[in-house]
Amino acid sequence: MPDYNEYLERIFDVLKPFAKQGILLNEESELVTELGLTSLQVMELIEQLEDHFDMSIPLNILPDVRTVHDLALALEKLNP
Amino acid sequence: MSLFDKFQPIADIQAELQALGVMPFGAVTEKLLSPTEAIVDGHKVILAGTNNYLGLTFDPECLEAAKKAIDELGTGTTGSRMANGTFAGHVALEKELAEFFDRKHSIVFSTGYAATMGMGSTLAGPGDVIVLDADSHASIYDGVRLGGADVIRFRHNDPADLDKRLRRLGDRIDNTLIIVEGIYSMMGDQAPLAEIAAVKRKYGGLLLVDEAHSLGMLGDHGRGVAEAAGVEDDVDFVVGTFSKSLGAIGGYCVSNHDALNAIRFAIRSYIFTASPSPSVIASTRAALRLMQERPYLREQLWDNAQRLYDGLKALGLQVSPEVSPVVAVTIKERNQAIDWWNRLLQLGAYVNLVMPPASPTDNSLLRCSVSAAHSPEQIDRIIEAFATVKNAP
Ligand SMILES: Cc1ncc(COP(=O)(O)O)c(C=O)c1O
């Protein structure tokens with residue numbers, strides 16, 4: 001199973017085209033408030049991660065996900 | 001910081017609209033002239049976005065039934081189905097719905113929202129899985145969130161994507177509920193239910209279909225998309241509403257699973273709310289009967305749908321992907337959608353304005369829905385109003 005860092009790297013890759021111009025991505029980047037993702041874009045992000053890792057990411061994890069770090073951690077928990 | 005901060009974006013939009021002098025979400029219907037005409041905000045309009053698909057809201061038999069029920073049973077039941085709110089009419093309607101759908105069991109709810117939300121929140125709980133179409137109605141999303149199951153979306157109307165998601169579930173498929181709609185409320189497109197049912201047969205799980213916008217419209221008996229697609233046996237639960245083709249308010253769920261008898265008493269939106277008023281039940285029963293006695297209403301509805309669809313398409317407007325009683329015109333710019341909505345109203349065509357996040361994409365919609373009660377001339381006047389607005393930007 002992939003580890004935290006693999007999830008993190010992939011999230012960065014997928015996020016690049018979505019994030020607002022000129023914003024530097026890091027673990028503490030906030031998906032909505034900082035990177036400006038719309039709810040539709042969050043869904044797209046989730047979908048791409050599901051396809052890449054061939055896993056299911058239920059929507060219920062989202063309320064606890066604020067930052068890139070939160071998301072990587074949540075994925076690791078889903079796929080231990 | 002206060003509790004109210006999160007409402008600021010809504011207040012901002014309200015202020016913006018007020019400055020423009022339009023109130024699309026507060027338009028008041030002052031007087032009904034017929035199922036298809038009214039006075040709205042002082043303008044005499046054709047009702048072009050009401051979901052009154054069969055036009056039964058003023059049918060003499062429905063009116064008569066409702067009046068009689070009021071005289072005999074009063075204005076309200078003043079109680080829950082589970083306490084004092086089950087009258088003979090509720091039980092009779094449940095029997096008639098089960099017969100109509102050719103299913104063993106049925107439940108009547110106080111609204112369509114309560115039916116969909118209640119089934120979604122009760123059938124699957126913590127540890128279970130819900131796989132739903134991404135464009136599902138808010139009542140479905142609200143329900144599944146409340147239930148606490150793991151919620152997984154599949155791409156709108158994409159059976160291959162559903163296949164992929166069910167495959168990933170492995171053994172969890174046994175505890176999985178798949179939810180789709182028949183005709184989607186915003187764009188009017190139909191679920192590819194034969195293909196979705198085939199995916200369900202391949203993996204397993206239970207399938208619930210919300211036929212809110214397809215009751216009385218499709219299938220030999222008017223039972224909806226499941227009947228039209230010939231896959232009723234694969235659909236475990238059908239839910240829907242009385243508020244559209246049946247012209248009243250209330251909702252239902254029908255199923256062949258005997259478990260529905262026990263499920264009924266676990267659904268909080270069934271237990272903790274008052275049952276539908278006797279007059280509502282009476283007019284719904286009449287409408288359900290008339291819907292079956294008058295299959296020509298369905299033909300008129302589809303003729304009107306085709307006429308509106310062709311007319312708006314010929315104007316070069318971006319209409320929904322397929323002909324349907326719901327015809328949505330996509331407008332990219334929100335402010336243009338607001339402006340068009342307002343001018344259409346003044347020209348006598350009252351349509352629905354839909355802005356994100358209620359619309360399925362980042363665009364806005366001018367959503368029209370036709371009725372069997374519209375005359376061809378009324379449909380043409382709706383098209384003319386769109387033409388006028390489009391040609392004078
Ligand atoms: C797909 C769908 N499900 C459920 C509902 C809720 O029905 P009602 O408005 O009758 O409560 C609606 C309509 O609003 C709908 O479009």
# chains A, B, ... in the order shown; residues from 1 in each chain; ligands from 1
$ interface_residues --of "chain B" --to "chain A" --cutoff "6 Å" --atoms "only C-alpha atoms" --output "ChimeraX atom specification"
/B:150-152
$ write_last_selection --atoms "C-alpha atoms" --output "compact mmCIF listing (two decimals), in the first residue's frame"
# COMPACT_ATOMS: atom_id res chain seq x y z
CA ASP B 150 -19.64 5.82 3.39
CA VAL B 151 -20.80 7.92 0.44
CA ILE B 152 -19.15 7.41 -2.95
$ closest_atom_pairs --of "chain B" --to "ligand 1" --cutoff "9 Å" --atoms "only C-alpha atoms and all ligand atoms" --output "JSON lines"
{"residue": "B:Asn51", "atom": "CA", "partner": "ligand 1", "partner_atom_place_in_ligand_line": "13 (C)", "distance": 8.9}
{"residue": "B:Ser110", "atom": "CA", "partner": "ligand 1", "partner_atom_place_in_ligand_line": "11 (O)", "distance": 8.2}
{"residue": "B:Thr111", "atom": "CA", "partner": "ligand 1", "partner_atom_place_in_ligand_line": "11 (O)", "distance": 4.4}
{"residue": "B:Gly112", "atom": "CA", "partner": "ligand 1", "partner_atom_place_in_ligand_line": "11 (O)", "distance": 3.5}
{"residue": "B:Tyr113", "atom": "CA", "partner": "ligand 1", "partner_atom_place_in_ligand_line": "11 (O)", "distance": 3.7}
{"residue": "B:Ala114", "atom": "CA", "partner": "ligand 1", "partner_atom_place_in_ligand_line": "11 (O)", "distance": 6.6}
{"residue": "B:Ala115", "atom": "CA", "partner": "ligand 1", "partner_atom_place_in_ligand_line": "4 (C)", "distance": 7.7}
{"residue": "B:Thr116", "atom": "CA", "partner": "ligand 1", "partner_atom_place_in_ligand_line": "4 (C)", "distance": 5.9}
{"residue": "B:Met117", "atom": "CA", "partner": "ligand 1", "partner_atom_place_in_ligand_line": "4 (C)", "distance": 8.1}
{"residue": "B:Ser136", "atom": "CA", "partner": "ligand 1", "partner_atom_place_in_ligand_line": "1 (C)", "distance": 7.0}
{"residue": "B:His137", "atom": "CA", "partner": "ligand 1", "partner_atom_place_in_ligand_line": "1 (C)", "distance": 5.0}
{"residue": "B:Ala138", "atom": "CA", "partner": "ligand 1", "partner_atom_place_in_ligand_line": "3 (N)", "distance": 7.6}
{"residue": "B:Ser139", "atom": "CA", "partner": "ligand 1", "partner_atom_place_in_ligand_line": "4 (C)", "distance": 5.8}
{"residue": "B:Ile140", "atom": "CA", "partner": "ligand 1", "partner_atom_place_in_ligand_line": "3 (N)", "distance": 7.1}
{"residue": "B:Val180", "atom": "CA", "partner": "ligand 1", "partner_atom_place_in_ligand_line": "1 (C)", "distance": 8.9}
{"residue": "B:Glu181", "atom": "CA", "partner": "ligand 1", "partner_atom_place_in_ligand_line": "1 (C)", "distance": 6.1}
{"residue": "B:Gly182", "atom": "CA", "partner": "ligand 1", "partner_atom_place_in_ligand_line": "1 (C)", "distance": 8.0}
{"residue": "B:Ile183", "atom": "CA", "partner": "ligand 1", "partner_atom_place_in_ligand_line": "1 (C)", "distance": 7.7}
{"residue": "B:Tyr184", "atom": "CA", "partner": "ligand 1", "partner_atom_place_in_ligand_line": "1 (C)", "distance": 6.3}
{"residue": "B:Ser185", "atom": "CA", "partner": "ligand 1", "partner_atom_place_in_ligand_line": "16 (O)", "distance": 4.7}
{"residue": "B:Met186", "atom": "CA", "partner": "ligand 1", "partner_atom_place_in_ligand_line": "16 (O)", "distance": 7.7}
{"residue": "B:Asp210", "atom": "CA", "partner": "ligand 1", "partner_atom_place_in_ligand_line": "1 (C)", "distance": 5.9}
{"residue": "B:Glu211", "atom": "CA", "partner": "ligand 1", "partner_atom_place_in_ligand_line": "1 (C)", "distance": 6.8}
{"residue": "B:Ala212", "atom": "CA", "partner": "ligand 1", "partner_atom_place_in_ligand_line": "2 (C)", "distance": 5.0}
{"residue": "B:His213", "atom": "CA", "partner": "ligand 1", "partner_atom_place_in_ligand_line": "16 (O)", "distance": 6.3}
{"residue": "B:Val239", "atom": "CA", "partner": "ligand 1", "partner_atom_place_in_ligand_line": "3 (N)", "distance": 8.1}
{"residue": "B:Gly240", "atom": "CA", "partner": "ligand 1", "partner_atom_place_in_ligand_line": "4 (C)", "distance": 6.5}
{"residue": "B:Thr241", "atom": "CA", "partner": "ligand 1", "partner_atom_place_in_ligand_line": "10 (O)", "distance": 4.7}
{"residue": "B:Phe242", "atom": "CA", "partner": "ligand 1", "partner_atom_place_in_ligand_line": "10 (O)", "distance": 6.1}
{"residue": "B:Ser243", "atom": "CA", "partner": "ligand 1", "partner_atom_place_in_ligand_line": "10 (O)", "distance": 4.5}
{"residue": "B:Lys244", "atom": "CA", "partner": "ligand 1", "partner_atom_place_in_ligand_line": "10 (O)", "distance": 6.9}
{"residue": "B:Ala248", "atom": "CA", "partner": "ligand 1", "partner_atom_place_in_ligand_line": "10 (O)", "distance": 8.4}
{"residue": "B:Ile249", "atom": "CA", "partner": "ligand 1", "partner_atom_place_in_ligand_line": "10 (O)", "distance": 5.7}
{"residue": "B:Gly250", "atom": "CA", "partner": "ligand 1", "partner_atom_place_in_ligand_line": "10 (O)", "distance": 5.9}
{"residue": "B:Gly251", "atom": "CA", "partner": "ligand 1", "partner_atom_place_in_ligand_line": "10 (O)", "distance": 6.3}
$ write_last_selection --atoms "N, CA and C atoms" --output "CSV table (one decimal), in the first residue's frame"
chain,number,residue,atom,x,y,z
B,51,ASN,N,-43.3,22.1,-13.0
B,51,ASN,CA,-43.3,20.7,-12.7
B,51,ASN,C,-44.7,20.1,-12.7
B,110,SER,N,-44.9,12.6,3.9
B,110,SER,CA,-45.5,13.9,3.9
B,110,SER,C,-45.0,14.8,2.7
B,111,THR,N,-43.8,14.6,2.3
B,111,THR,CA,-43.3,15.3,1.1
B,111,THR,C,-42.4,14.3,0.3
B,112,GLY,N,-42.0,14.7,-0.9
B,112,GLY,CA,-41.1,13.9,-1.6
B,112,GLY,C,-39.7,14.0,-1.0
B,113,TYR,N,-39.4,15.2,-0.5
B,113,TYR,CA,-38.1,15.3,0.2
B,113,TYR,C,-38.0,14.3,1.4
B,114,ALA,N,-39.1,14.2,2.2
B,114,ALA,CA,-39.1,13.3,3.3
B,114,ALA,C,-38.9,11.9,2.9
B,115,ALA,N,-39.5,11.5,1.7
B,115,ALA,CA,-39.4,10.2,1.2
B,115,ALA,C,-38.0,9.8,0.8
B,116,THR,N,-37.4,10.7,-0.1
B,116,THR,CA,-36.1,10.5,-0.6
B,116,THR,C,-35.0,10.5,0.6
B,117,MET,N,-35.1,11.6,1.3
B,117,MET,CA,-34.2,11.8,2.4
B,117,MET,C,-34.3,10.7,3.4
B,136,SER,N,-27.1,13.9,-8.2
B,136,SER,CA,-28.3,13.6,-7.4
B,136,SER,C,-28.9,14.8,-6.7
B,137,HIS,N,-30.2,14.8,-6.5
B,137,HIS,CA,-30.9,15.9,-5.9
B,137,HIS,C,-30.5,16.1,-4.4
B,138,ALA,N,-30.6,17.3,-4.0
B,138,ALA,CA,-30.2,17.7,-2.6
B,138,ALA,C,-30.9,16.7,-1.6
B,139,SER,N,-32.1,16.3,-1.8
B,139,SER,CA,-32.8,15.4,-0.8
B,139,SER,C,-32.0,14.1,-0.6
B,140,ILE,N,-31.4,13.7,-1.7
B,140,ILE,CA,-30.6,12.4,-1.7
B,140,ILE,C,-29.3,12.7,-0.9
B,180,VAL,N,-29.9,6.4,-7.9
B,180,VAL,CA,-29.9,7.2,-9.1
B,180,VAL,C,-31.3,7.8,-9.2
B,181,GLU,N,-31.5,8.8,-10.2
B,181,GLU,CA,-32.8,9.3,-10.5
B,181,GLU,C,-33.3,8.8,-11.8
B,182,GLY,N,-34.5,9.0,-12.1
B,182,GLY,CA,-35.1,8.5,-13.4
B,182,GLY,C,-34.8,9.6,-14.4
B,183,ILE,N,-35.5,10.7,-14.3
B,183,ILE,CA,-35.2,11.9,-15.1
B,183,ILE,C,-34.6,12.9,-14.1
B,184,TYR,N,-33.5,13.5,-14.5
B,184,TYR,CA,-32.8,14.4,-13.6
B,184,TYR,C,-33.5,15.8,-13.6
B,185,SER,N,-33.6,16.3,-12.4
B,185,SER,CA,-34.5,17.4,-12.3
B,185,SER,C,-34.0,18.7,-12.9
B,186,MET,N,-32.7,18.9,-13.0
B,186,MET,CA,-32.2,20.2,-13.6
B,186,MET,C,-32.1,20.2,-15.1
B,210,ASP,N,-35.0,7.3,-7.8
B,210,ASP,CA,-35.9,8.5,-7.5
B,210,ASP,C,-36.6,8.9,-8.8
B,211,GLU,N,-37.9,8.5,-8.9
B,211,GLU,CA,-38.6,8.8,-10.2
B,211,GLU,C,-39.5,10.1,-10.0
B,212,ALA,N,-39.0,11.1,-9.2
B,212,ALA,CA,-39.7,12.3,-8.9
B,212,ALA,C,-40.2,12.9,-10.2
B,213,HIS,N,-39.4,13.0,-11.2
B,213,HIS,CA,-39.7,13.7,-12.4
B,213,HIS,C,-40.1,12.8,-13.6
B,239,VAL,N,-38.7,5.6,-5.3
B,239,VAL,CA,-39.3,6.7,-4.5
B,239,VAL,C,-39.7,7.8,-5.4
B,240,GLY,N,-40.6,8.7,-5.0
B,240,GLY,CA,-41.1,9.7,-5.8
B,240,GLY,C,-41.9,10.7,-5.0
B,241,THR,N,-42.6,11.5,-5.7
B,241,THR,CA,-43.3,12.6,-5.1
B,241,THR,C,-44.7,12.8,-5.7
B,242,PHE,N,-45.6,13.4,-4.9
B,242,PHE,CA,-47.0,13.7,-5.4
B,242,PHE,C,-47.0,15.2,-5.9
B,243,SER,N,-45.8,15.9,-5.8
B,243,SER,CA,-45.8,17.3,-6.0
B,243,SER,C,-45.6,17.7,-7.4
B,244,LYS,N,-45.5,16.8,-8.3
B,244,LYS,CA,-45.2,17.2,-9.7
B,244,LYS,C,-46.3,16.7,-10.6
B,248,ALA,N,-50.0,17.7,-6.2
B,248,ALA,CA,-50.3,17.9,-4.8
B,248,ALA,C,-49.0,18.1,-4.0
B,249,ILE,N,-48.9,17.4,-2.9
B,249,ILE,CA,-47.6,17.4,-2.1
B,249,ILE,C,-47.6,16.1,-1.4
B,250,GLY,N,-46.4,15.5,-1.2
B,250,GLY,CA,-46.3,14.2,-0.5
B,250,GLY,C,-45.3,13.4,-1.3
B,251,GLY,N,-45.0,12.2,-0.7
B,251,GLY,CA,-44.0,11.3,-1.4
B,251,GLY,C,-44.3,9.9,-1.1
$ select_by_dssp --residues "region 153-295 of chain B" --states "strand (DSSP E or B)" --output "short mmCIF file (atom, residue, chain, number, x, y, z; two decimals) with N, CA and C atoms, in the first residue's frame"
data_model
loop_
_atom_site.label_atom_id
_atom_site.label_comp_id
_atom_site.auth_asym_id
_atom_site.auth_seq_id
_atom_site.Cartn_x
_atom_site.Cartn_y
_atom_site.Cartn_z
N ARG B 153 -19.44 8.83 -4.90
CA ARG B 153 -20.16 9.30 -6.08
C ARG B 153 -19.64 8.63 -7.34
N PHE B 154 -20.50 8.43 -8.30
CA PHE B 154 -20.00 8.05 -9.63
C PHE B 154 -20.40 9.13 -10.62
N THR B 176 -24.26 -2.47 0.18
CA THR B 176 -24.21 -1.25 -0.64
C THR B 176 -25.57 -0.92 -1.25
N LEU B 177 -25.90 0.36 -1.18
CA LEU B 177 -27.10 0.88 -1.83
C LEU B 177 -26.68 1.83 -2.96
N ILE B 178 -27.19 1.55 -4.15
CA ILE B 178 -26.91 2.42 -5.31
C ILE B 178 -28.12 3.34 -5.48
N ILE B 179 -27.87 4.64 -5.66
CA ILE B 179 -28.99 5.58 -5.82
C ILE B 179 -28.83 6.39 -7.11
N VAL B 180 -29.88 6.37 -7.91
CA VAL B 180 -29.91 7.22 -9.12
C VAL B 180 -31.31 7.83 -9.23
N GLU B 181 -31.46 8.78 -10.17
CA GLU B 181 -32.78 9.33 -10.46
C GLU B 181 -33.26 8.78 -11.80
N ILE B 183 -35.54 10.70 -14.33
CA ILE B 183 -35.23 11.89 -15.11
C ILE B 183 -34.60 12.89 -14.14
N GLN B 190 -32.25 11.53 -18.91
CA GLN B 190 -32.66 10.27 -18.29
C GLN B 190 -31.46 9.43 -17.89
N LEU B 206 -28.13 -3.16 -3.60
CA LEU B 206 -29.53 -2.81 -3.82
C LEU B 206 -29.58 -1.51 -4.61
N LEU B 207 -30.67 -1.34 -5.37
CA LEU B 207 -30.79 -0.15 -6.23
C LEU B 207 -32.06 0.62 -5.89
N LEU B 208 -31.89 1.92 -5.62
CA LEU B 208 -33.02 2.80 -5.37
C LEU B 208 -33.07 3.85 -6.49
N VAL B 209 -34.26 4.05 -7.06
CA VAL B 209 -34.42 5.04 -8.13
C VAL B 209 -35.44 6.09 -7.71
N ASP B 210 -35.03 7.35 -7.77
CA ASP B 210 -35.94 8.46 -7.48
C ASP B 210 -36.61 8.88 -8.79
N PHE B 237 -36.06 -0.33 -4.84
CA PHE B 237 -36.93 0.69 -4.26
C PHE B 237 -37.16 1.79 -5.28
N VAL B 238 -38.44 2.17 -5.45
CA VAL B 238 -38.75 3.37 -6.23
C VAL B 238 -39.27 4.40 -5.25
N VAL B 239 -38.70 5.61 -5.29
CA VAL B 239 -39.26 6.70 -4.50
C VAL B 239 -39.71 7.80 -5.45
N GLY B 240 -40.59 8.65 -4.95
CA GLY B 240 -41.08 9.73 -5.80
C GLY B 240 -41.93 10.68 -5.02
N THR B 241 -42.62 11.54 -5.74
CA THR B 241 -43.35 12.63 -5.11
C THR B 241 -44.73 12.81 -5.72
N GLY B 251 -44.98 12.22 -0.69
CA GLY B 251 -44.02 11.34 -1.36
C GLY B 251 -44.32 9.89 -1.09
N TYR B 252 -43.59 9.00 -1.78
CA TYR B 252 -43.84 7.57 -1.60
C TYR B 252 -42.57 6.78 -1.82
N CYS B 253 -42.60 5.55 -1.30
CA CYS B 253 -41.60 4.55 -1.65
C CYS B 253 -42.35 3.25 -1.89
N VAL B 254 -42.03 2.55 -2.96
CA VAL B 254 -42.62 1.23 -3.21
C VAL B 254 -41.51 0.20 -3.38
N SER B 255 -41.79 -1.03 -2.98
CA SER B 255 -40.76 -2.08 -3.04
C SER B 255 -41.41 -3.45 -2.93
N ALA B 274 -45.96 15.30 10.82
CA ALA B 274 -47.40 15.01 10.65
C ALA B 274 -47.66 14.42 9.26
#
$ residues_around --residues "Lys16 (chain A)" --least-positions-apart "5" --cutoff "10 Å" --atoms "only C-alpha atoms" --output "number ranges by chain"
A: 11, 21, 23-25, 35
$ write_last_selection --atoms "N, CA, C and O atoms" --output "compact mmCIF listing (two decimals), in the first residue's frame"
# COMPACT_ATOMS: atom_id res chain seq x y z
N ILE A 11 -1.04 14.09 -4.54
CA ILE A 11 -1.97 15.21 -4.33
C ILE A 11 -1.37 16.49 -4.91
O ILE A 11 -2.05 17.25 -5.60
N GLN A 21 -3.03 30.68 -9.59
CA GLN A 21 -1.70 31.06 -10.07
C GLN A 21 -0.85 31.65 -8.95
O GLN A 21 -1.34 32.42 -8.11
N ILE A 23 0.51 30.49 -6.31
CA ILE A 23 0.49 30.02 -4.93
C ILE A 23 1.40 28.80 -4.81
O ILE A 23 1.30 27.88 -5.62
N LEU A 24 2.26 28.83 -3.82
CA LEU A 24 3.18 27.72 -3.62
C LEU A 24 2.49 26.62 -2.82
O LEU A 24 1.94 26.88 -1.76
N LEU A 25 2.52 25.40 -3.35
CA LEU A 25 1.87 24.31 -2.65
C LEU A 25 2.77 23.74 -1.56
O LEU A 25 3.95 23.51 -1.79
N LEU A 35 -6.18 27.72 -1.68
CA LEU A 35 -5.97 27.38 -3.09
C LEU A 35 -7.18 27.73 -3.95
O LEU A 35 -7.11 27.72 -5.17
$ closest_residue --among "B:Tyr309, B:Phe109, B:Trp302, B:Phe7" --to "His90 (chain B)" --atoms "only C-alpha atoms"
B:Phe109
$ atom_distance --atom1 "CA of Arg289 (chain B)" --atom2 "CA of Phe58 (chain B)"
14.9 Å
$ residues_around --residues "Glu9 (chain A)" --least-positions-apart "6" --cutoff "10 Å" --atoms "only C-alpha atoms" --output "ChimeraX atom specification"
/A:15,27,72
$ closest_residue --among "B:Lys332, B:Arg367, B:His43, B:His257" --to "Ser320 (chain B)" --atoms "only C-alpha atoms"
B:Arg367
$ select_by_dssp --residues "region 105-326 of chain B" --states "helix (DSSP H, G or I)" --output "PyMOL selection string"
chain B and resi 112-123+138-147+159-175+193-203+225-228+232-234+260-266+268-271+278-293+296-314
$ residues_around --residues "Gln48 (chain A)" --least-positions-apart "4" --cutoff "8 Å" --atoms "only C-alpha atoms" --output "list in words"
Val14, Glu44 and His52 of chain A
$ write_last_selection --atoms "N, CA, C and O atoms" --output "PDB file, in the first residue's frame"
ATOM      1  N   VAL A  14      -1.738  16.407  -8.693  1.00  0.00           N
ATOM      2  CA  VAL A  14      -3.104  16.622  -9.180  1.00  0.00           C
ATOM      3  C   VAL A  14      -3.548  18.062  -8.932  1.00  0.00           C
ATOM      4  O   VAL A  14      -4.309  18.636  -9.704  1.00  0.00           O
ATOM      5  N   GLU A  44     -13.426  16.670  -8.296  1.00  0.00           N
ATOM      6  CA  GLU A  44     -12.540  16.220  -9.376  1.00  0.00           C
ATOM      7  C   GLU A  44     -11.218  15.709  -8.815  1.00  0.00           C
ATOM      8  O   GLU A  44     -10.689  14.691  -9.267  1.00  0.00           O
ATOM      9  N   HIS A  52      -6.186   7.013  -9.596  1.00  0.00           N
ATOM     10  CA  HIS A  52      -4.746   6.752  -9.554  1.00  0.00           C
ATOM     11  C   HIS A  52      -4.423   5.609  -8.593  1.00  0.00           C
ATOM     12  O   HIS A  52      -3.644   4.723  -8.908  1.00  0.00           O
TER      13      HIS A  52
END
$ residues_around --residues "Ser279 (chain B)" --least-positions-apart "2" --cutoff "7 Å" --atoms "only C-alpha atoms" --output "PyMOL selection string"
chain B and resi 66-67+69-70+277+281-283
$ atom_distance --atom1 "CA of Leu132 (chain B)" --atom2 "CA of Ile196 (chain B)"
11.3 Å
$ residues_around --residues "Pro24 (chain B)" --least-positions-apart "6" --cutoff "10 Å" --atoms "only C-alpha atoms" --output "list of chain:residue names"
B:Gln14, B:Leu17, B:Gln18, B:Ile338, B:Asp339, B:Trp341, B:Asn342, B:Leu345, B:Val351, B:Asn352, B:Leu353, B:Val354
$ write_last_selection --atoms "C-alpha atoms" --output "PDB file, in the first residue's frame"
ATOM      1  CA  GLN B  14     -29.259  39.366  -2.347  1.00  0.00           C
ATOM      2  CA  LEU B  17     -29.962  41.431  -6.996  1.00  0.00           C
ATOM      3  CA  GLN B  18     -31.766  44.157  -5.111  1.00  0.00           C
ATOM      4  CA  ILE B 338     -30.628  36.938 -14.013  1.00  0.00           C
ATOM      5  CA  ASP B 339     -31.253  39.585 -16.660  1.00  0.00           C
ATOM      6  CA  TRP B 341     -35.001  35.608 -16.289  1.00  0.00           C
ATOM      7  CA  ASN B 342     -36.271  39.056 -15.414  1.00  0.00           C
ATOM      8  CA  LEU B 345     -40.991  37.395 -16.732  1.00  0.00           C
ATOM      9  CA  VAL B 351     -39.230  30.103 -15.873  1.00  0.00           C
ATOM     10  CA  ASN B 352     -36.945  28.860 -13.078  1.00  0.00           C
ATOM     11  CA  LEU B 353     -33.628  30.590 -12.516  1.00  0.00           C
ATOM     12  CA  VAL B 354     -31.017  28.135 -11.247  1.00  0.00           C
TER      13      VAL B 354
END
$ closest_residue --among "A:Leu31, A:His69, A:Leu62, A:Lys77" --to "Asn5 (chain A)" --atoms "only C-alpha atoms"
A:His69
$ atom_distance --atom1 "CA of Leu301 (chain B)" --atom2 "CA of Pro325 (chain B)"
6.9 Å
